[in-house]
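Here's the structure, in C-alpha coordinates; my notes come after.
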Amino acid sequence: MKRNMMFSGGIPADGPEKVFELLNETVGDRALCWPDGETNPERRGWIAGVAENVLAVAPCFEPDEVIVDRPDGGHYQQDKMLRIKPGATVDLKGRLPYAKDAIASYKIFKRMQSEGRIPQNIRFQVAIPGAHDVITICFARTEEWPVLFKAWQEAVQEECRRMLEVIPADELCVQIDFCTEMCHIGGAWAKLLSWVPDNPEQELFDELTSPEYIQGHIAALPEEVRLGFHICCGTSPHFPVQPLDDISLPVRLTNAIQKSADGRVDYFHLPAMHDSDEAYFAPLADLNIGNADIYLGVECNDGVELMDRRVAAAHKYLSDFGVAHYCGYFWNKAIMPDLLRTLAQGSDDARELMGD
(Lines give C-alpha, C1' and ligand atoms only; values in the text may rest on other atoms or scores of the structure.)
Protein backbone atom coordinates (compact mmCIF):
# COMPACT_ATOMS: atom_id res chain seq x y z
CA MET A 1 0.00 0.00 0.00
CA LYS A 2 2.07 2.92 -1.27
CA ARG A 3 -0.41 5.56 -0.10
CA ASN A 4 -0.71 4.15 3.36
CA MET A 5 -2.17 6.89 5.55
CA MET A 6 -5.76 7.74 6.46
CA PHE A 7 -7.62 10.25 8.63
CA SER A 8 -10.79 9.38 10.50
CA GLY A 9 -12.32 12.85 10.20
CA GLY A 10 -11.72 15.57 12.77
CA ILE A 11 -8.64 17.78 12.30
CA PRO A 12 -8.58 21.00 14.34
CA ALA A 13 -7.82 24.18 12.40
CA ASP A 14 -9.52 27.46 11.57
CA GLY A 15 -11.67 26.20 8.72
CA PRO A 16 -11.29 23.79 5.77
CA GLU A 17 -8.67 25.85 3.92
CA LYS A 18 -6.39 25.82 6.97
CA VAL A 19 -6.94 22.06 7.33
CA PHE A 20 -5.96 21.47 3.71
CA GLU A 21 -2.91 23.74 4.07
CA LEU A 22 -1.83 21.79 7.16
CA LEU A 23 -2.19 18.43 5.41
CA ASN A 24 -0.31 19.69 2.37
CA GLU A 25 2.57 20.89 4.54
CA THR A 26 2.87 17.78 6.69
CA VAL A 27 1.66 14.64 4.88
CA GLY A 28 1.18 15.44 1.18
CA ASP A 29 0.06 12.56 -0.99
CA ARG A 30 0.82 9.79 1.51
CA ALA A 31 -2.96 9.68 2.03
CA LEU A 32 -5.45 8.81 -0.68
CA CYS A 33 -8.24 10.89 0.90
CA TRP A 34 -8.36 14.17 2.83
CA PRO A 35 -11.22 15.37 5.08
CA ASP A 36 -12.09 19.01 5.66
CA GLY A 37 -11.47 18.59 9.40
CA GLU A 38 -15.12 18.81 10.54
CA THR A 39 -14.52 22.36 11.77
CA ASN A 40 -18.04 23.77 11.25
CA PRO A 41 -20.27 24.02 14.37
CA GLU A 42 -22.83 21.44 13.22
CA ARG A 43 -20.17 18.72 12.96
CA ARG A 44 -17.63 19.88 15.53
CA GLY A 45 -17.04 17.45 18.36
CA TRP A 46 -18.35 14.51 16.34
CA ILE A 47 -21.87 14.08 17.81
CA ALA A 48 -21.96 17.20 19.99
CA GLY A 49 -22.51 19.65 17.13
CA VAL A 50 -25.21 17.48 15.55
CA ALA A 51 -27.04 17.07 18.86
CA GLU A 52 -27.06 20.79 19.65
CA ASN A 53 -27.49 22.36 16.23
CA VAL A 54 -29.48 19.77 14.28
CA LEU A 55 -31.47 17.39 16.45
CA ALA A 56 -32.35 19.78 19.28
CA VAL A 57 -34.00 22.21 16.82
CA ALA A 58 -35.78 19.63 14.67
CA PRO A 59 -39.59 20.08 14.87
CA CYS A 60 -40.19 16.36 15.44
CA PHE A 61 -38.28 16.36 18.76
CA GLU A 62 -38.66 17.97 22.15
CA PRO A 63 -36.59 18.03 25.35
CA ASP A 64 -37.02 14.92 27.47
CA GLU A 65 -37.87 15.11 31.15
CA VAL A 66 -35.86 12.08 32.17
CA ILE A 67 -32.85 12.47 34.43
CA VAL A 68 -29.99 10.22 33.38
CA ASP A 69 -26.61 9.44 34.88
CA ARG A 70 -23.59 11.10 33.37
CA PRO A 71 -20.21 9.38 33.13
CA ASP A 72 -18.80 11.82 35.70
CA GLY A 73 -21.46 10.87 38.24
CA GLY A 74 -23.53 14.05 37.85
CA HIS A 75 -26.85 14.44 36.07
CA TYR A 76 -28.28 16.39 33.19
CA GLN A 77 -31.91 16.98 32.49
CA GLN A 78 -34.34 17.69 29.69
CA ASP A 79 -32.25 20.32 27.90
CA LYS A 80 -29.66 17.63 27.18
CA MET A 81 -31.82 14.65 26.16
CA LEU A 82 -34.49 14.45 23.47
CA ARG A 83 -37.64 12.49 22.72
CA ILE A 84 -40.04 12.25 19.79
CA LYS A 85 -42.90 14.74 20.11
CA PRO A 86 -46.20 12.92 20.61
CA GLY A 87 -47.80 12.32 17.22
CA ALA A 88 -44.81 13.64 15.25
CA THR A 89 -43.40 11.98 12.16
CA VAL A 90 -39.64 11.65 12.39
CA ASP A 91 -38.08 12.88 9.16
CA LEU A 92 -34.50 14.14 9.18
CA LYS A 93 -33.96 14.21 5.41
CA GLY A 94 -32.36 17.47 4.35
CA ARG A 95 -31.56 18.51 7.93
CA LEU A 96 -28.16 16.89 8.41
CA PRO A 97 -25.03 19.01 7.83
CA TYR A 98 -22.89 16.55 5.88
CA ALA A 99 -23.88 17.35 2.28
CA LYS A 100 -24.03 21.10 2.83
CA ASP A 101 -20.58 21.20 4.42
CA ALA A 102 -19.12 18.74 1.93
CA ILE A 103 -20.24 20.78 -1.07
CA ALA A 104 -18.86 24.00 0.43
CA SER A 105 -15.54 22.39 1.41
CA TYR A 106 -15.21 20.58 -1.92
CA LYS A 107 -15.28 23.93 -3.72
CA ILE A 108 -12.34 25.08 -1.57
CA PHE A 109 -10.64 21.74 -2.15
CA LYS A 110 -10.91 22.01 -5.95
CA ARG A 111 -9.74 25.62 -5.97
CA MET A 112 -6.66 24.70 -3.95
CA GLN A 113 -6.00 21.76 -6.26
CA SER A 114 -6.12 24.09 -9.26
CA GLU A 115 -3.64 26.36 -7.46
CA GLY A 116 -1.24 23.46 -6.85
CA ARG A 117 -1.82 23.53 -3.08
CA ILE A 118 -3.38 20.05 -2.95
CA PRO A 119 -1.99 17.08 -4.93
CA GLN A 120 -4.12 16.17 -7.92
CA ASN A 121 -4.65 12.53 -6.97
CA ILE A 122 -6.37 13.12 -3.61
CA ARG A 123 -10.02 12.25 -3.00
CA PHE A 124 -12.30 14.41 -0.85
CA GLN A 125 -13.42 12.53 2.28
CA VAL A 126 -16.63 12.87 4.33
CA ALA A 127 -17.14 11.01 7.62
CA ILE A 128 -20.68 10.28 8.83
CA PRO A 129 -21.59 8.75 12.21
CA GLY A 130 -23.65 5.57 12.27
CA ALA A 131 -27.23 5.68 13.53
CA HIS A 132 -26.37 4.01 16.83
CA ASP A 133 -23.68 6.60 17.54
CA VAL A 134 -26.10 9.49 17.32
CA ILE A 135 -29.33 8.03 18.64
CA THR A 136 -28.08 6.19 21.73
CA ILE A 137 -26.29 9.32 22.96
CA CYS A 138 -29.19 11.73 22.46
CA PHE A 139 -32.32 9.66 23.16
CA ALA A 140 -32.82 7.76 26.42
CA ARG A 141 -36.15 6.12 25.51
CA THR A 142 -34.99 2.88 23.91
CA GLU A 143 -38.46 2.07 22.56
CA GLU A 144 -37.96 5.02 20.17
CA TRP A 145 -34.64 3.77 18.82
CA PRO A 146 -35.88 1.65 15.87
CA VAL A 147 -37.79 4.59 14.36
CA LEU A 148 -34.88 6.92 15.00
CA PHE A 149 -32.30 4.54 13.53
CA LYS A 150 -34.32 4.29 10.33
CA ALA A 151 -34.80 8.06 10.13
CA TRP A 152 -31.05 8.64 10.52
CA GLN A 153 -30.23 6.06 7.84
CA GLU A 154 -32.71 7.56 5.39
CA ALA A 155 -31.30 11.02 6.06
CA VAL A 156 -27.74 9.75 5.50
CA GLN A 157 -28.78 8.29 2.16
CA GLU A 158 -30.28 11.64 1.20
CA GLU A 159 -27.04 13.42 2.21
CA CYS A 160 -25.04 11.08 -0.03
CA ARG A 161 -27.35 11.71 -2.97
CA ARG A 162 -27.01 15.46 -2.52
CA MET A 163 -23.21 15.27 -2.35
CA LEU A 164 -23.11 13.27 -5.56
CA GLU A 165 -25.04 15.98 -7.39
CA VAL A 166 -21.91 18.15 -7.05
CA ILE A 167 -18.97 15.90 -6.19
CA PRO A 168 -18.03 13.29 -8.83
CA ALA A 169 -18.29 9.77 -7.42
CA ASP A 170 -14.70 8.93 -8.36
CA GLU A 171 -13.45 11.95 -6.37
CA LEU A 172 -15.41 11.17 -3.20
CA CYS A 173 -14.69 9.03 -0.16
CA VAL A 174 -17.45 8.37 2.40
CA GLN A 175 -16.57 6.91 5.77
CA ILE A 176 -19.12 5.50 8.22
CA ASP A 177 -18.12 5.81 11.87
CA PHE A 178 -18.83 2.57 13.75
CA CYS A 179 -17.97 3.46 17.34
CA THR A 180 -20.69 3.16 19.97
CA GLU A 181 -21.82 0.05 18.14
CA MET A 182 -18.62 -1.74 19.19
CA CYS A 183 -18.75 -0.22 22.67
CA HIS A 184 -22.31 -1.55 23.09
CA ILE A 185 -21.41 -5.00 21.75
CA GLY A 186 -18.34 -5.15 23.99
CA GLY A 187 -20.29 -4.18 27.10
CA ALA A 188 -18.78 -0.77 27.88
CA TRP A 189 -21.66 1.35 26.58
CA ALA A 190 -24.24 -0.04 29.01
CA LYS A 191 -21.81 0.51 31.89
CA LEU A 192 -21.13 4.09 30.86
CA LEU A 193 -24.70 5.26 30.10
CA SER A 194 -27.46 4.26 32.48
CA TRP A 195 -30.22 4.16 29.85
CA VAL A 196 -28.42 1.80 27.45
CA PRO A 197 -29.68 -1.80 27.81
CA ASP A 198 -27.10 -4.45 28.61
CA ASN A 199 -28.27 -6.94 25.99
CA PRO A 200 -26.37 -10.17 25.20
CA GLU A 201 -23.24 -9.63 23.12
CA GLN A 202 -24.20 -11.94 20.27
CA GLU A 203 -27.67 -10.38 20.00
CA LEU A 204 -26.13 -6.92 19.67
CA PHE A 205 -23.45 -8.16 17.27
CA ASP A 206 -26.02 -9.72 14.96
CA GLU A 207 -28.26 -6.62 15.04
CA LEU A 208 -25.54 -4.02 14.48
CA THR A 209 -23.72 -5.91 11.73
CA SER A 210 -26.89 -7.06 9.97
CA PRO A 211 -27.43 -6.25 6.28
CA GLU A 212 -30.37 -4.04 7.30
CA TYR A 213 -28.20 -1.91 9.59
CA ILE A 214 -25.11 -1.74 7.39
CA GLN A 215 -26.86 -1.32 4.03
CA GLY A 216 -29.09 1.35 5.54
CA HIS A 217 -26.07 3.67 5.69
CA ILE A 218 -24.53 2.95 2.29
CA ALA A 219 -27.43 2.21 -0.06
CA ALA A 220 -27.12 5.52 -1.95
CA LEU A 221 -23.43 5.14 -2.80
CA PRO A 222 -22.32 3.90 -6.24
CA GLU A 223 -19.27 1.67 -6.61
CA GLU A 224 -17.12 4.59 -7.77
CA VAL A 225 -17.26 6.19 -4.31
CA ARG A 226 -14.50 4.96 -2.00
CA LEU A 227 -16.28 3.56 1.07
CA GLY A 228 -14.74 3.02 4.49
CA PHE A 229 -15.72 2.03 8.01
CA HIS A 230 -13.95 3.55 11.02
CA ILE A 231 -14.24 0.96 13.81
CA CYS A 232 -13.47 2.84 17.00
CA CYS A 233 -13.08 2.10 20.72
CA GLY A 234 -14.37 5.54 21.72
CA THR A 235 -12.41 8.40 23.24
CA SER A 236 -14.86 10.24 25.53
CA PRO A 237 -14.86 10.50 28.50
CA HIS A 238 -11.60 8.51 28.19
CA PHE A 239 -9.67 6.34 25.74
CA PRO A 240 -10.54 3.60 25.24
CA VAL A 241 -14.20 3.54 26.16
CA GLN A 242 -14.19 -0.12 25.13
CA PRO A 243 -11.02 -1.79 26.43
CA LEU A 244 -9.58 -4.51 24.22
CA ASP A 245 -7.20 -7.28 25.24
CA ASP A 246 -6.62 -7.98 21.56
CA ILE A 247 -8.01 -6.93 18.18
CA SER A 248 -10.31 -9.95 17.79
CA LEU A 249 -13.60 -8.06 18.26
CA PRO A 250 -12.73 -5.38 15.65
CA VAL A 251 -11.66 -8.17 13.27
CA ARG A 252 -14.94 -10.06 13.78
CA LEU A 253 -16.86 -6.83 13.20
CA THR A 254 -14.86 -6.07 10.05
CA ASN A 255 -15.58 -9.50 8.59
CA ALA A 256 -19.30 -9.25 9.41
CA ILE A 257 -19.66 -5.70 8.06
CA GLN A 258 -17.99 -6.65 4.78
CA LYS A 259 -20.28 -9.66 4.43
CA SER A 260 -23.40 -7.58 5.09
CA ALA A 261 -22.14 -4.94 2.64
CA ASP A 262 -21.76 -7.62 -0.06
CA GLY A 263 -18.04 -6.89 -0.25
CA ARG A 264 -18.67 -3.21 -1.04
CA VAL A 265 -16.38 -1.70 1.65
CA ASP A 266 -13.02 -0.48 0.29
CA TYR A 267 -11.24 0.05 3.62
CA PHE A 268 -11.52 -0.42 7.36
CA HIS A 269 -9.82 1.47 10.18
CA LEU A 270 -9.16 -0.71 13.24
CA PRO A 271 -8.00 0.51 16.66
CA ALA A 272 -4.77 -0.12 18.50
CA MET A 273 -3.98 0.47 22.17
CA HIS A 274 -0.88 2.13 23.59
CA ASP A 275 0.40 -1.25 24.77
CA SER A 276 -0.54 -3.26 21.67
CA ASP A 277 1.98 -6.05 21.05
CA GLU A 278 2.16 -9.14 18.84
CA ALA A 279 -0.46 -10.95 20.95
CA TYR A 280 -2.85 -8.01 20.50
CA PHE A 281 -2.51 -8.06 16.71
CA ALA A 282 -2.50 -11.86 16.22
CA PRO A 283 -6.25 -11.99 15.27
CA LEU A 284 -5.47 -9.93 12.16
CA ALA A 285 -4.67 -13.28 10.59
CA ASP A 286 -8.43 -14.03 10.69
CA LEU A 287 -9.46 -11.13 8.44
CA ASN A 288 -11.70 -12.17 5.55
CA ILE A 289 -12.55 -9.00 3.64
CA GLY A 290 -11.46 -9.59 0.07
CA ASN A 291 -9.36 -6.78 -1.39
CA ALA A 292 -10.34 -4.12 1.13
CA ASP A 293 -7.52 -2.07 2.66
CA ILE A 294 -6.79 -2.09 6.39
CA TYR A 295 -5.57 0.96 8.30
CA LEU A 296 -4.46 0.46 11.90
CA GLY A 297 -4.69 3.23 14.50
CA VAL A 298 -1.08 2.77 15.57
CA GLU A 299 -0.29 6.47 16.03
CA CYS A 300 -1.23 6.87 19.71
CA ASN A 301 0.19 10.29 20.53
CA ASP A 302 3.37 8.81 22.06
CA GLY A 303 5.98 9.29 19.35
CA VAL A 304 7.21 7.58 16.21
CA GLU A 305 9.40 4.99 17.98
CA LEU A 306 6.42 3.40 19.74
CA MET A 307 4.33 3.76 16.57
CA ASP A 308 7.02 1.85 14.66
CA ARG A 309 7.01 -0.84 17.34
CA ARG A 310 3.26 -1.35 16.96
CA VAL A 311 3.59 -1.47 13.15
CA ALA A 312 6.24 -4.17 13.42
CA ALA A 313 4.07 -6.21 15.80
CA ALA A 314 1.05 -6.01 13.46
CA HIS A 315 3.19 -6.85 10.43
CA LYS A 316 3.80 -10.31 11.88
CA TYR A 317 0.16 -11.13 11.06
CA LEU A 318 -0.77 -8.77 8.22
CA SER A 319 1.66 -8.25 5.37
CA ASP A 320 0.29 -4.97 4.05
CA PHE A 321 -1.69 -2.24 5.81
CA GLY A 322 -1.86 1.51 6.27
CA VAL A 323 -1.47 3.67 9.36
CA ALA A 324 -3.64 6.22 11.14
CA HIS A 325 -4.23 7.96 14.44
CA TYR A 326 -6.25 5.85 16.86
CA CYS A 327 -9.28 8.14 16.34
CA GLY A 328 -10.04 11.69 15.22
CA TYR A 329 -7.65 14.55 16.00
CA PHE A 330 -10.22 17.21 16.81
CA TRP A 331 -9.14 17.88 20.42
CA ASN A 332 -5.38 18.13 19.64
CA LYS A 333 -5.12 21.52 17.96
CA ALA A 334 -2.07 22.75 19.86
CA ILE A 335 0.05 19.75 18.89
CA MET A 336 -1.57 18.98 15.54
CA PRO A 337 1.45 19.67 13.27
CA ASP A 338 3.70 17.46 15.41
CA LEU A 339 1.17 14.62 15.43
CA LEU A 340 0.85 14.77 11.65
CA ARG A 341 4.63 14.76 11.23
CA THR A 342 4.83 11.73 13.51
CA LEU A 343 2.17 10.00 11.41
CA ALA A 344 4.02 10.91 8.21
CA GLN A 345 7.33 9.55 9.50
CA GLY A 346 5.61 6.42 10.79
CA SER A 347 3.93 5.88 7.43
CA ASP A 348 7.30 6.11 5.66
CA ASP A 349 8.81 3.67 8.15
CA ALA A 350 5.89 1.27 7.61
CA ARG A 351 6.30 1.36 3.83
CA GLU A 352 10.01 0.60 4.20
CA LEU A 353 9.25 -2.32 6.51
CA MET A 354 6.72 -3.73 4.05
CA GLY A 355 9.03 -3.33 1.09
CA ASP A 356 7.11 -0.61 -0.79
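Labeling convention for the C-alpha coordinates: chains A, B, ... as they appear, residues from 1 per chain, ligands from 1 in order of appearance.
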| message | Quick one: residues within 8 Å of stretch 325-340 of chain A, only C-alpha atoms, excluding same-chain residues fewer than 4 positions away - as a list of chain:residue names? | response |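 Once the adjacent positions are removed, what remains is A:Phe7, A:Ser8, A:Gly9, A:Gly10, A:Ile11, A:Pro12, A:Ala13, A:Leu22, A:Leu23, A:Thr26, A:Val27, A:Gly37, A:Arg44, A:Gly45, A:Cys232, A:Gly234, A:Thr235, A:Pro271, A:Ala272, A:Met273, A:Leu296, A:Gly297, A:Val298, A:Glu299, A:Cys300, A:Asn301, A:Ala344.
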May I have a table of the residues of stretch 143-205 of chain A lying at most 8 Å from stretch 122-137 of chain A, giving each one's closest pair of atoms and their distance in Å to one decimal, counting only C-alpha atoms, ordered by chain and ascending residue number, as a tab-separated table?
```
residue	atom	partner	partner_atom	distance
A:Trp145	CA	A:Ile135	CA	6.8
A:Leu148	CA	A:Ile135	CA	6.7
A:Phe149	CA	A:Ala131	CA	5.2
A:Lys150	CA	A:Ala131	CA	7.9
A:Trp152	CA	A:Ala131	CA	5.7
A:Gln153	CA	A:Ala131	CA	6.4
A:Val156	CA	A:Ile128	CA	7.8
A:Asp170	CA	A:Arg123	CA	7.9
A:Glu171	CA	A:Arg123	CA	4.8
A:Leu172	CA	A:Phe124	CA	5.1
A:Cys173	CA	A:Gln125	CA	4.5
A:Val174	CA	A:Val126	CA	5.0
A:Gln175	CA	A:Ala127	CA	4.5
A:Ile176	CA	A:Ile128	CA	5.1
A:Asp177	CA	A:Pro129	CA	4.6
A:Phe178	CA	A:Gly130	CA	5.9
A:Cys179	CA	A:Asp133	CA	6.5
A:Thr180	CA	A:Asp133	CA	5.2
A:Glu181	CA	A:His132	CA	6.2
A:Val196	CA	A:Thr136	CA	7.2
```
| query | Out of stretch 74-235 of chain A, which residues get strand (DSSP E) from DSSP, as a list in words? | reply |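 Restricting stretch 74-235 of chain A to strand (DSSP E) produces His75, Tyr76, Leu82, Arg83, Ile84, Arg123, Phe124, Gln125, Val126, Ala127, Ile128, Pro129, Leu172, Cys173, Val174, Gln175, Ile176, Asp177, Phe178, Arg226, Leu227, Gly228, Phe229, His230 and Ile231 of chain A.
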| said: Could you list, as number ranges by chain, every residue within 8 Å of A:Val90, counting only C-alpha atoms and ignoring same-chain residues fewer than 3 positions away? | reply: A: 60, 84, 147-148, 151
| query | A:Asp245, A:Glu154, A:Asp206, A:Asp262: which is nearest A:Ala220, counting only C-alpha atoms? | reply |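 Using only C-alpha atoms, the shortest distance to A:Ala220 belongs to A:Glu154.
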